[in-house]
$ cat protein07.cif   # mmCIF, C-alpha atoms
data_final
#
loop_
_atom_site.group_PDB
_atom_site.id
_atom_site.type_symbol
_atom_site.label_atom_id
_atom_site.label_comp_id
_atom_site.auth_asym_id
_atom_site.auth_seq_id
_atom_site.Cartn_x
_atom_site.Cartn_y
_atom_site.Cartn_z
ATOM 1 C CA MET F 1 97.734 -33.826 -82.951
ATOM 2 C CA PHE F 2 96.278 -31.529 -85.598
ATOM 3 C CA SER F 3 95.422 -34.515 -87.756
ATOM 4 C CA LYS F 4 93.486 -36.238 -84.941
ATOM 5 C CA LYS F 5 91.464 -33.087 -84.234
ATOM 6 C CA LYS F 6 90.634 -32.720 -87.910
ATOM 7 C CA ASN F 7 89.482 -36.311 -88.084
ATOM 8 C CA TRP F 8 87.294 -35.846 -84.991
ATOM 9 C CA PHE F 9 85.520 -32.841 -86.519
ATOM 10 C CA PHE F 10 85.023 -34.780 -89.763
ATOM 11 C CA MET F 11 83.393 -37.700 -87.940
ATOM 12 C CA LEU F 12 81.130 -35.353 -85.940
ATOM 13 C CA ALA F 13 79.963 -33.624 -89.115
ATOM 14 C CA LEU F 14 79.285 -36.974 -90.777
ATOM 15 C CA ILE F 15 77.187 -38.136 -87.813
ATOM 16 C CA LEU F 16 75.133 -34.921 -87.892
ATOM 17 C CA LEU F 17 74.500 -35.309 -91.619
ATOM 18 C CA LEU F 18 73.302 -38.877 -91.134
ATOM 19 C CA VAL F 19 70.912 -37.816 -88.345
ATOM 20 C CA LEU F 20 69.456 -34.990 -90.445
ATOM 21 C CA ALA F 21 69.051 -37.270 -93.454
ATOM 22 C CA ALA F 22 67.170 -39.792 -91.330
ATOM 23 C CA CYS F 23 64.800 -37.100 -90.031
ATOM 24 C CA GLY F 24 64.170 -35.789 -93.527
ATOM 25 C CA GLY F 25 63.410 -39.258 -94.839
ATOM 26 C CA GLY F 26 60.767 -39.713 -92.158
ATOM 27 C CA ASN F 27 58.882 -36.638 -93.351
ATOM 28 C CA ASP F 28 58.750 -37.910 -96.944
ATOM 29 C CA THR F 29 57.082 -41.250 -96.236
ATOM 30 C CA SER F 30 53.559 -39.843 -96.719
ATOM 31 C CA GLY F 31 54.128 -39.121 -100.426
ATOM 32 C CA ASP F 32 52.866 -36.143 -102.411
ATOM 33 C CA ASP F 33 50.014 -38.117 -103.977
ATOM 34 C CA GLU F 34 48.517 -39.403 -100.732
ATOM 35 C CA GLU F 35 44.812 -38.578 -100.446
ATOM 36 C CA VAL F 36 43.645 -40.475 -97.398
ATOM 37 C CA ASP F 37 45.612 -41.370 -94.259
ATOM 38 C CA ASP F 38 45.570 -44.881 -92.865
ATOM 39 C CA ASN F 39 43.263 -43.750 -90.068
ATOM 40 C CA GLY F 40 40.573 -42.592 -92.501
ATOM 41 C CA ASP F 41 41.125 -38.845 -92.055
ATOM 42 C CA TYR F 42 40.622 -36.644 -95.097
ATOM 43 C CA ASP F 43 42.258 -33.426 -96.211
ATOM 44 C CA LEU F 44 39.255 -31.151 -95.706
ATOM 45 C CA ASN F 45 38.725 -27.438 -95.316
ATOM 46 C CA ASP F 46 37.843 -26.211 -91.852
ATOM 47 C CA SER F 47 34.404 -25.143 -93.110
ATOM 48 C CA TYR F 48 32.133 -25.365 -96.158
ATOM 49 C CA THR F 49 29.239 -23.284 -97.443
ATOM 50 C CA VAL F 50 25.996 -25.276 -97.242
ATOM 51 C CA VAL F 51 22.763 -24.360 -99.023
ATOM 52 C CA SER F 52 19.234 -25.690 -98.733
ATOM 53 C CA ASP F 53 15.663 -24.870 -99.612
ATOM 54 C CA ASN F 54 13.222 -23.400 -97.085
ATOM 55 C CA SER F 55 9.842 -24.865 -98.078
ATOM 56 C CA PHE F 56 10.254 -28.613 -98.564
ATOM 57 C CA VAL F 57 8.581 -30.055 -95.471
ATOM 58 C CA PRO F 58 9.586 -32.105 -93.585
ATOM 59 C CA PHE F 59 13.081 -31.988 -95.071
ATOM 60 C CA GLU F 60 13.746 -28.258 -94.740
ATOM 61 C CA PHE F 61 11.381 -25.436 -93.841
ATOM 62 C CA MET F 62 11.113 -22.357 -91.669
ATOM 63 C CA GLU F 63 9.572 -22.696 -88.227
ATOM 64 C CA ASP F 64 9.485 -19.739 -85.831
ATOM 65 C CA GLY F 65 12.138 -18.023 -87.930
ATOM 66 C CA GLU F 66 14.496 -21.015 -87.848
ATOM 67 C CA LEU F 67 15.451 -23.425 -90.622
ATOM 68 C CA VAL F 68 14.544 -26.932 -89.437
ATOM 69 C CA GLY F 69 13.835 -30.366 -90.858
ATOM 70 C CA PHE F 70 15.227 -33.805 -91.566
ATOM 71 C CA ASP F 71 17.880 -32.615 -94.036
ATOM 72 C CA ILE F 72 19.024 -29.840 -91.724
ATOM 73 C CA GLU F 73 19.602 -32.178 -88.799
ATOM 74 C CA LEU F 74 21.221 -34.771 -91.044
ATOM 75 C CA ILE F 75 23.790 -32.439 -92.643
ATOM 76 C CA THR F 76 24.595 -30.990 -89.215
ATOM 77 C CA ALA F 77 25.292 -34.483 -87.883
ATOM 78 C CA ILE F 78 27.341 -35.361 -90.966
ATOM 79 C CA ALA F 79 29.478 -32.235 -90.617
ATOM 80 C CA GLU F 80 30.154 -33.017 -86.968
ATOM 81 C CA GLU F 81 31.041 -36.631 -87.734
ATOM 82 C CA ALA F 82 33.264 -35.720 -90.703
ATOM 83 C CA GLY F 83 35.023 -32.986 -88.745
ATOM 84 C CA PHE F 84 34.199 -29.810 -90.638
ATOM 85 C CA GLU F 85 32.159 -26.722 -89.746
ATOM 86 C CA ILE F 86 29.232 -25.300 -91.665
ATOM 87 C CA ASP F 87 30.377 -21.853 -92.774
ATOM 88 C CA GLY F 88 28.074 -19.475 -90.913
ATOM 89 C CA GLU F 89 24.436 -20.493 -91.146
ATOM 90 C CA ILE F 90 22.959 -22.807 -93.747
ATOM 91 C CA GLN F 91 22.001 -20.591 -96.663
ATOM 92 C CA THR F 92 18.691 -20.849 -98.498
ATOM 93 C CA THR F 93 17.692 -20.247 -102.084
ATOM 94 C CA ASN F 94 14.980 -21.271 -104.518
ATOM 95 C CA PHE F 95 15.322 -24.928 -105.471
ATOM 96 C CA ASP F 96 16.047 -24.185 -109.126
ATOM 97 C CA GLY F 97 19.029 -22.050 -108.076
ATOM 98 C CA ILE F 98 20.808 -24.733 -106.051
ATOM 99 C CA ILE F 99 22.583 -26.659 -108.830
ATOM 100 C CA PRO F 100 23.687 -23.483 -110.666
ATOM 101 C CA GLY F 101 24.987 -22.138 -107.346
ATOM 102 C CA LEU F 102 27.118 -25.245 -106.862
ATOM 103 C CA GLN F 103 28.432 -24.944 -110.418
ATOM 104 C CA THR F 104 29.526 -21.335 -109.984
ATOM 105 C CA GLY F 105 31.116 -21.915 -106.564
ATOM 106 C CA GLN F 106 28.563 -19.872 -104.652
ATOM 107 C CA PHE F 107 27.911 -22.973 -102.528
ATOM 108 C CA GLU F 108 29.945 -26.107 -101.878
ATOM 109 C CA ILE F 109 27.371 -28.484 -100.360
ATOM 110 C CA ALA F 110 23.623 -28.679 -100.960
ATOM 111 C CA VAL F 111 21.022 -30.704 -99.095
ATOM 112 C CA ALA F 112 17.457 -30.133 -100.237
ATOM 113 C CA GLY F 113 15.784 -33.402 -101.161
ATOM 114 C CA ILE F 114 17.781 -33.412 -104.400
ATOM 115 C CA SER F 115 17.100 -36.443 -106.566
ATOM 116 C CA ILE F 116 20.188 -38.120 -107.980
ATOM 117 C CA THR F 117 19.900 -38.113 -111.784
ATOM 118 C CA GLU F 118 22.385 -38.775 -114.579
ATOM 119 C CA GLU F 119 21.848 -35.256 -115.900
ATOM 120 C CA ARG F 120 22.643 -33.676 -112.549
ATOM 121 C CA LYS F 121 25.677 -35.932 -112.061
ATOM 122 C CA GLY F 122 27.145 -34.282 -115.127
ATOM 123 C CA THR F 123 27.349 -30.936 -113.329
ATOM 124 C CA VAL F 124 27.717 -31.806 -109.610
ATOM 125 C CA ASP F 125 28.842 -34.762 -107.507
ATOM 126 C CA PHE F 126 26.564 -36.663 -105.156
ATOM 127 C CA SER F 127 26.960 -38.498 -101.897
ATOM 128 C CA ASP F 128 25.630 -42.002 -101.492
ATOM 129 C CA PRO F 129 21.802 -42.021 -101.403
ATOM 130 C CA TYR F 130 20.319 -41.149 -98.021
ATOM 131 C CA TYR F 131 16.556 -41.288 -98.728
ATOM 132 C CA GLU F 132 14.413 -43.261 -101.176
ATOM 133 C CA SER F 133 11.550 -41.274 -102.648
ATOM 134 C CA GLY F 134 9.191 -41.177 -105.650
ATOM 135 C CA ILE F 135 6.552 -39.021 -107.328
ATOM 136 C CA THR F 136 2.827 -39.023 -106.584
ATOM 137 C CA ILE F 137 -0.362 -37.151 -107.465
ATOM 138 C CA ALA F 138 -2.499 -34.953 -105.189
ATOM 139 C CA VAL F 139 -6.060 -33.915 -106.065
ATOM 140 C CA PRO F 140 -9.056 -32.455 -104.199
ATOM 141 C CA GLU F 141 -10.774 -34.989 -101.948
ATOM 142 C CA ASP F 142 -13.997 -34.813 -103.952
ATOM 143 C CA ASN F 143 -12.239 -35.489 -107.271
ATOM 144 C CA GLU F 144 -13.106 -38.955 -108.615
ATOM 145 C CA ASP F 145 -11.841 -38.479 -112.170
ATOM 146 C CA ILE F 146 -8.080 -38.518 -111.555
ATOM 147 C CA ASN F 147 -6.664 -41.778 -110.207
ATOM 148 C CA SER F 148 -3.573 -42.374 -112.323
ATOM 149 C CA LEU F 149 -0.981 -40.722 -114.511
ATOM 150 C CA GLU F 150 -3.070 -41.418 -117.614
ATOM 151 C CA ASP F 151 -5.953 -39.443 -116.113
ATOM 152 C CA LEU F 152 -3.779 -36.307 -116.162
ATOM 153 C CA GLU F 153 -3.916 -36.124 -119.969
ATOM 154 C CA GLY F 154 -5.560 -32.858 -120.956
ATOM 155 C CA LYS F 155 -5.389 -31.503 -117.409
ATOM 156 C CA THR F 156 -3.607 -28.572 -115.776
ATOM 157 C CA ILE F 157 -0.928 -29.852 -113.395
ATOM 158 C CA ALA F 158 0.978 -27.894 -110.778
ATOM 159 C CA THR F 159 4.534 -28.781 -109.783
ATOM 160 C CA ARG F 160 7.776 -27.198 -108.718
ATOM 161 C CA LEU F 161 10.113 -25.258 -110.977
ATOM 162 C CA GLY F 162 13.338 -27.124 -111.743
ATOM 163 C CA SER F 163 12.164 -30.385 -110.166
ATOM 164 C CA THR F 164 12.380 -33.947 -111.456
ATOM 165 C CA SER F 165 8.565 -33.988 -111.203
ATOM 166 C CA SER F 166 8.368 -31.300 -113.861
ATOM 167 C CA GLN F 167 10.719 -33.236 -116.113
ATOM 168 C CA PHE F 168 8.764 -36.452 -115.486
ATOM 169 C CA LEU F 169 5.519 -34.801 -116.591
ATOM 170 C CA GLU F 170 7.109 -33.386 -119.729
ATOM 171 C CA GLU F 171 8.428 -36.813 -120.700
ATOM 172 C CA ASN F 172 5.371 -38.918 -119.851
ATOM 173 C CA LEU F 173 2.334 -36.850 -120.842
ATOM 174 C CA GLU F 174 1.481 -35.581 -124.310
ATOM 175 C CA ASP F 175 -1.585 -33.390 -123.773
ATOM 176 C CA LYS F 176 -1.067 -31.344 -120.616
ATOM 177 C CA THR F 177 -0.588 -27.887 -119.193
ATOM 178 C CA ILE F 178 2.184 -27.701 -116.588
ATOM 179 C CA ASP F 179 2.201 -24.752 -114.197
ATOM 180 C CA THR F 180 5.503 -24.495 -112.309
ATOM 181 C CA TYR F 181 6.052 -22.557 -109.098
ATOM 182 C CA GLU F 182 9.127 -21.616 -107.103
ATOM 183 C CA GLN F 183 7.503 -22.346 -103.740
ATOM 184 C CA LEU F 184 5.760 -25.580 -102.817
ATOM 185 C CA ASP F 185 2.891 -23.925 -100.976
ATOM 186 C CA GLN F 186 1.998 -22.252 -104.289
ATOM 187 C CA VAL F 187 1.832 -25.683 -105.925
ATOM 188 C CA TYR F 188 -0.725 -27.024 -103.454
ATOM 189 C CA MET F 189 -2.687 -23.785 -103.212
ATOM 190 C CA SER F 190 -3.204 -23.805 -106.974
ATOM 191 C CA VAL F 191 -5.057 -27.123 -106.599
ATOM 192 C CA GLU F 192 -6.962 -25.979 -103.534
ATOM 193 C CA ASN F 193 -8.202 -22.819 -105.281
ATOM 194 C CA GLY F 194 -9.080 -24.655 -108.484
ATOM 195 C CA SER F 195 -6.524 -23.119 -110.850
ATOM 196 C CA ALA F 196 -4.901 -26.549 -111.324
ATOM 197 C CA ASP F 197 -6.527 -29.979 -111.501
ATOM 198 C CA ALA F 198 -3.745 -31.809 -109.691
ATOM 199 C CA ALA F 199 -0.337 -31.416 -108.078
ATOM 200 C CA VAL F 200 2.504 -33.795 -108.849
ATOM 201 C CA TYR F 201 5.526 -33.885 -106.579
ATOM 202 C CA ASP F 202 7.709 -36.003 -104.285
ATOM 203 C CA LEU F 203 5.747 -38.523 -102.228
ATOM 204 C CA PRO F 204 7.050 -37.639 -98.736
ATOM 205 C CA ASN F 205 6.292 -33.963 -99.204
ATOM 206 C CA VAL F 206 2.810 -34.618 -100.607
ATOM 207 C CA GLU F 207 1.956 -36.960 -97.740
ATOM 208 C CA TYR F 208 3.334 -34.565 -95.114
ATOM 209 C CA TYR F 209 1.447 -31.616 -96.568
ATOM 210 C CA ILE F 210 -1.841 -33.534 -96.650
ATOM 211 C CA ALA F 211 -1.352 -34.785 -93.093
ATOM 212 C CA THR F 212 -0.450 -31.413 -91.581
ATOM 213 C CA THR F 213 -1.676 -28.604 -93.813
ATOM 214 C CA GLY F 214 -3.625 -29.816 -96.836
ATOM 215 C CA ASP F 215 -7.071 -28.294 -97.127
ATOM 216 C CA GLY F 216 -9.124 -31.130 -98.588
ATOM 217 C CA LEU F 217 -6.425 -32.849 -100.677
ATOM 218 C CA LYS F 218 -5.736 -36.564 -101.132
ATOM 219 C CA ALA F 219 -2.966 -38.614 -102.766
ATOM 220 C CA VAL F 220 -4.015 -40.942 -105.583
ATOM 221 C CA GLY F 221 -2.458 -43.478 -107.924
ATOM 222 C CA ASP F 222 0.880 -45.216 -107.800
ATOM 223 C CA THR F 223 4.264 -43.929 -106.771
ATOM 224 C CA TYR F 224 6.116 -43.147 -109.968
ATOM 225 C CA GLN F 225 9.799 -42.929 -110.839
ATOM 226 C CA ALA F 226 11.541 -44.198 -107.699
ATOM 227 C CA GLU F 227 14.206 -41.674 -106.787
ATOM 228 C CA ASP F 228 17.093 -41.480 -104.355
ATOM 229 C CA TYR F 229 17.986 -38.235 -102.637
ATOM 230 C CA GLY F 230 21.654 -37.374 -102.327
ATOM 231 C CA ILE F 231 23.767 -34.572 -100.892
ATOM 232 C CA ALA F 232 25.105 -32.535 -103.815
ATOM 233 C CA ILE F 233 28.718 -31.345 -103.774
ATOM 234 C CA SER F 234 30.442 -29.010 -106.204
ATOM 235 C CA LYS F 235 32.779 -30.757 -108.638
ATOM 236 C CA GLY F 236 36.423 -31.228 -107.705
ATOM 237 C CA ASN F 237 35.888 -32.100 -104.027
ATOM 238 C CA ASP F 238 36.530 -35.848 -104.123
ATOM 239 C CA GLU F 239 37.798 -36.058 -100.556
ATOM 240 C CA LEU F 240 34.778 -34.140 -99.282
ATOM 241 C CA VAL F 241 32.475 -36.585 -101.072
ATOM 242 C CA ALA F 242 34.332 -39.518 -99.506
ATOM 243 C CA ALA F 243 34.273 -37.936 -96.043
ATOM 244 C CA ILE F 244 30.517 -37.273 -96.276
ATOM 245 C CA ASN F 245 29.907 -40.861 -97.388
ATOM 246 C CA ASP F 246 31.961 -42.222 -94.494
ATOM 247 C CA ALA F 247 30.128 -39.979 -92.034
ATOM 248 C CA LEU F 248 26.747 -41.003 -93.445
ATOM 249 C CA ALA F 249 27.677 -44.693 -93.097
ATOM 250 C CA THR F 250 28.734 -44.111 -89.490
ATOM 251 C CA LEU F 251 25.435 -42.361 -88.697
ATOM 252 C CA HIS F 252 23.585 -45.394 -90.044
ATOM 253 C CA GLU F 253 25.743 -47.742 -87.966
ATOM 254 C CA ASN F 254 25.517 -45.879 -84.665
ATOM 255 C CA GLY F 255 21.767 -45.226 -84.865
ATOM 256 C CA THR F 256 21.933 -41.445 -85.300
ATOM 257 C CA TYR F 257 20.311 -41.601 -88.741
ATOM 258 C CA ASP F 258 17.387 -43.626 -87.374
ATOM 259 C CA GLU F 259 16.911 -41.153 -84.525
ATOM 260 C CA ILE F 260 16.680 -38.233 -86.958
ATOM 261 C CA TYR F 261 14.439 -40.208 -89.317
ATOM 262 C CA ASP F 262 12.064 -41.256 -86.538
ATOM 263 C CA LYS F 263 11.734 -37.663 -85.380
ATOM 264 C CA TRP F 264 10.483 -36.437 -88.760
ATOM 265 C CA PHE F 265 8.810 -39.467 -90.350
ATOM 266 C CA GLY F 266 7.881 -41.810 -87.507
ATOM 267 C CA ALA F 267 9.470 -45.141 -86.615
ATOM 268 C CA SER F 268 11.781 -46.459 -89.309
ATOM 269 C CA GLU F 269 11.486 -50.014 -90.534
#

$ encode --input "protein07.cif" --output "structure tokens"
Amino acid sequence: MFSKKKNWFFMLALILLLVLAACGGGNDTSGDDEEVDDNGDYDLNDSYTVVSDNSFVPFEFMEDGELVGFDIELITAIAEEAGFEIDGEIQTTNFDGIIPGLQTGQFEIAVAGISITEERKGTVDFSDPYYESGITIAVPEDNEDINSLEDLEGKTIATRLGSTSSQFLEENLEDKTIDTYEQLDQVYMSVENGSADAAVYDLPNVEYYIATTGDGLKAVGDTYQAEDYGIAISKGNDELVAAINDALATLHENGTYDEIYDKWFGASE
């Protein structure tokens, strides 16, 4: 009798061990090195710090005390689609402080009409391109002497501090004076008040300024150095980059990108 009872307890214990082992095995199927689930979800933080500029119309600028623009609506839609929150409000800083801020961890995501360049890719990561741009020249309407890049030789040119336009001028002109400014309105005002002969900056901003604010300016010459804008992300956030790219692709597919684009630039092609 004692032997049968002992055997019964042994069998019960063995059954329990087998059940527990089966449950434990089910939890290990994901693997420690798994990055992305089969359903496309990513291992993201609940929120990320986002930074932008506040004077790059129509991408980001202040209107009635609120930060608005194409980039602002786009990153908000991307965050919603990807499933993360923007930590507090979108922060703003001078354009030349954005990349250093990402490097030091002050910010995690930046959207500010940032051109994707090989030099910048060495310090931060980028999303897929979301806007195709280029560089153009703005001069006073009554100026007939400047019609091309070559005509800027020997002239004083205004552009933005830390921009690809500034680098482009340094690399492509020999005899020039380049005045750089932190704020874009200072760039255009320097041409309007005669302290600079021309302004050189990103085409969409030049065209928008002339159409809405420019006091007697016109765009001349070709569009130089085709550039793609990308969302910049601090290094080491591979899953965040992938999630942003997936969200951006979805916004293109479902028409949300076109709706935002049409609002700020007119009907998309």

$ closest_residue --input "protein07.cif" --among "F:Tyr48, F:Ala198, F:Thr180, F:Glu85" --to "F:Lys155" --atoms "only C-alpha atoms"
F:Ala198

$ residues_around --input "protein07.cif" --residues "F:Glu80" --least-positions-apart "5" --cutoff "12 Å" --atoms "all atoms listed in the file" --output "count of residues only"
14

$ closest_residue --input "protein07.cif" --among "F:Thr164, F:Thr212, F:Thr123, F:Thr49" --to "F:Ile90" --atoms "all atoms listed in the file"
F:Thr49

$ residues_around --input "protein07.cif" --residues "F:Ile99" --least-positions-apart "6" --cutoff "10 Å" --atoms "all atoms listed in the file" --output "ChimeraX atom specification"
/F:106-107,109-110,114,120,123-124,162,232-234

$ atom_distance --input "protein07.cif" --atom1 "atom CA of F:Ala158" --atom2 "atom CA of F:Asp175"
14.3 Å

$ resolve_selection --input "protein07.cif" --expression "the PyMOL selection byres ((chain F and resi 168) around 12)" --output "PDB file with C-alpha atoms, in the frame of the given file"
ATOM      1  CA  THR F 117      19.900 -38.113-111.784  1.00  0.00           C
ATOM      2  CA  GLY F 134       9.191 -41.177-105.650  1.00  0.00           C
ATOM      3  CA  ILE F 135       6.552 -39.021-107.328  1.00  0.00           C
ATOM      4  CA  THR F 136       2.827 -39.023-106.584  1.00  0.00           C
ATOM      5  CA  LEU F 149      -0.981 -40.722-114.511  1.00  0.00           C
ATOM      6  CA  ILE F 157      -0.928 -29.852-113.395  1.00  0.00           C
ATOM      7  CA  THR F 159       4.534 -28.781-109.783  1.00  0.00           C
ATOM      8  CA  ARG F 160       7.776 -27.198-108.718  1.00  0.00           C
ATOM      9  CA  GLY F 162      13.338 -27.124-111.743  1.00  0.00           C
ATOM     10  CA  SER F 163      12.164 -30.385-110.166  1.00  0.00           C
ATOM     11  CA  THR F 164      12.380 -33.947-111.456  1.00  0.00           C
ATOM     12  CA  SER F 165       8.565 -33.988-111.203  1.00  0.00           C
ATOM     13  CA  SER F 166       8.368 -31.300-113.861  1.00  0.00           C
ATOM     14  CA  GLN F 167      10.719 -33.236-116.113  1.00  0.00           C
ATOM     15  CA  LEU F 169       5.519 -34.801-116.591  1.00  0.00           C
ATOM     16  CA  GLU F 170       7.109 -33.386-119.729  1.00  0.00           C
ATOM     17  CA  GLU F 171       8.428 -36.813-120.700  1.00  0.00           C
ATOM     18  CA  ASN F 172       5.371 -38.918-119.851  1.00  0.00           C
ATOM     19  CA  LEU F 173       2.334 -36.850-120.842  1.00  0.00           C
ATOM     20  CA  GLU F 174       1.481 -35.581-124.310  1.00  0.00           C
ATOM     21  CA  ILE F 178       2.184 -27.701-116.588  1.00  0.00           C
ATOM     22  CA  VAL F 200       2.504 -33.795-108.849  1.00  0.00           C
ATOM     23  CA  TYR F 201       5.526 -33.885-106.579  1.00  0.00           C
ATOM     24  CA  ASP F 202       7.709 -36.003-104.285  1.00  0.00           C
ATOM     25  CA  TYR F 224       6.116 -43.147-109.968  1.00  0.00           C
ATOM     26  CA  GLN F 225       9.799 -42.929-110.839  1.00  0.00           C
ATOM     27  CA  ALA F 226      11.541 -44.198-107.699  1.00  0.00           C
ATOM     28  CA  GLU F 227      14.206 -41.674-106.787  1.00  0.00           C
TER      29      GLU F 227
END

$ closest_residue --input "protein07.cif" --among "F:Ile260, F:Met189, F:Ile78, F:Ile72" --to "F:Ala242" --atoms "all atoms listed in the file"
F:Ile78

$ residues_near_point --input "protein07.cif" --point "(5.2, -39.9, -98.9)" --cutoff "10 Å" --atoms "only C-alpha atoms" --output "list in words"
Ser133, Gly134, Ile135, Thr136, Tyr201, Asp202, Leu203, Pro204, Asn205, Val206, Glu207, Tyr208, Tyr209, Ile210, Ala219, Thr223 and Phe265 of chain F

$ atom_distance --input "protein07.cif" --atom1 "atom CA of F:Asp262" --atom2 "atom CA of F:Ala249"
17.3 Å
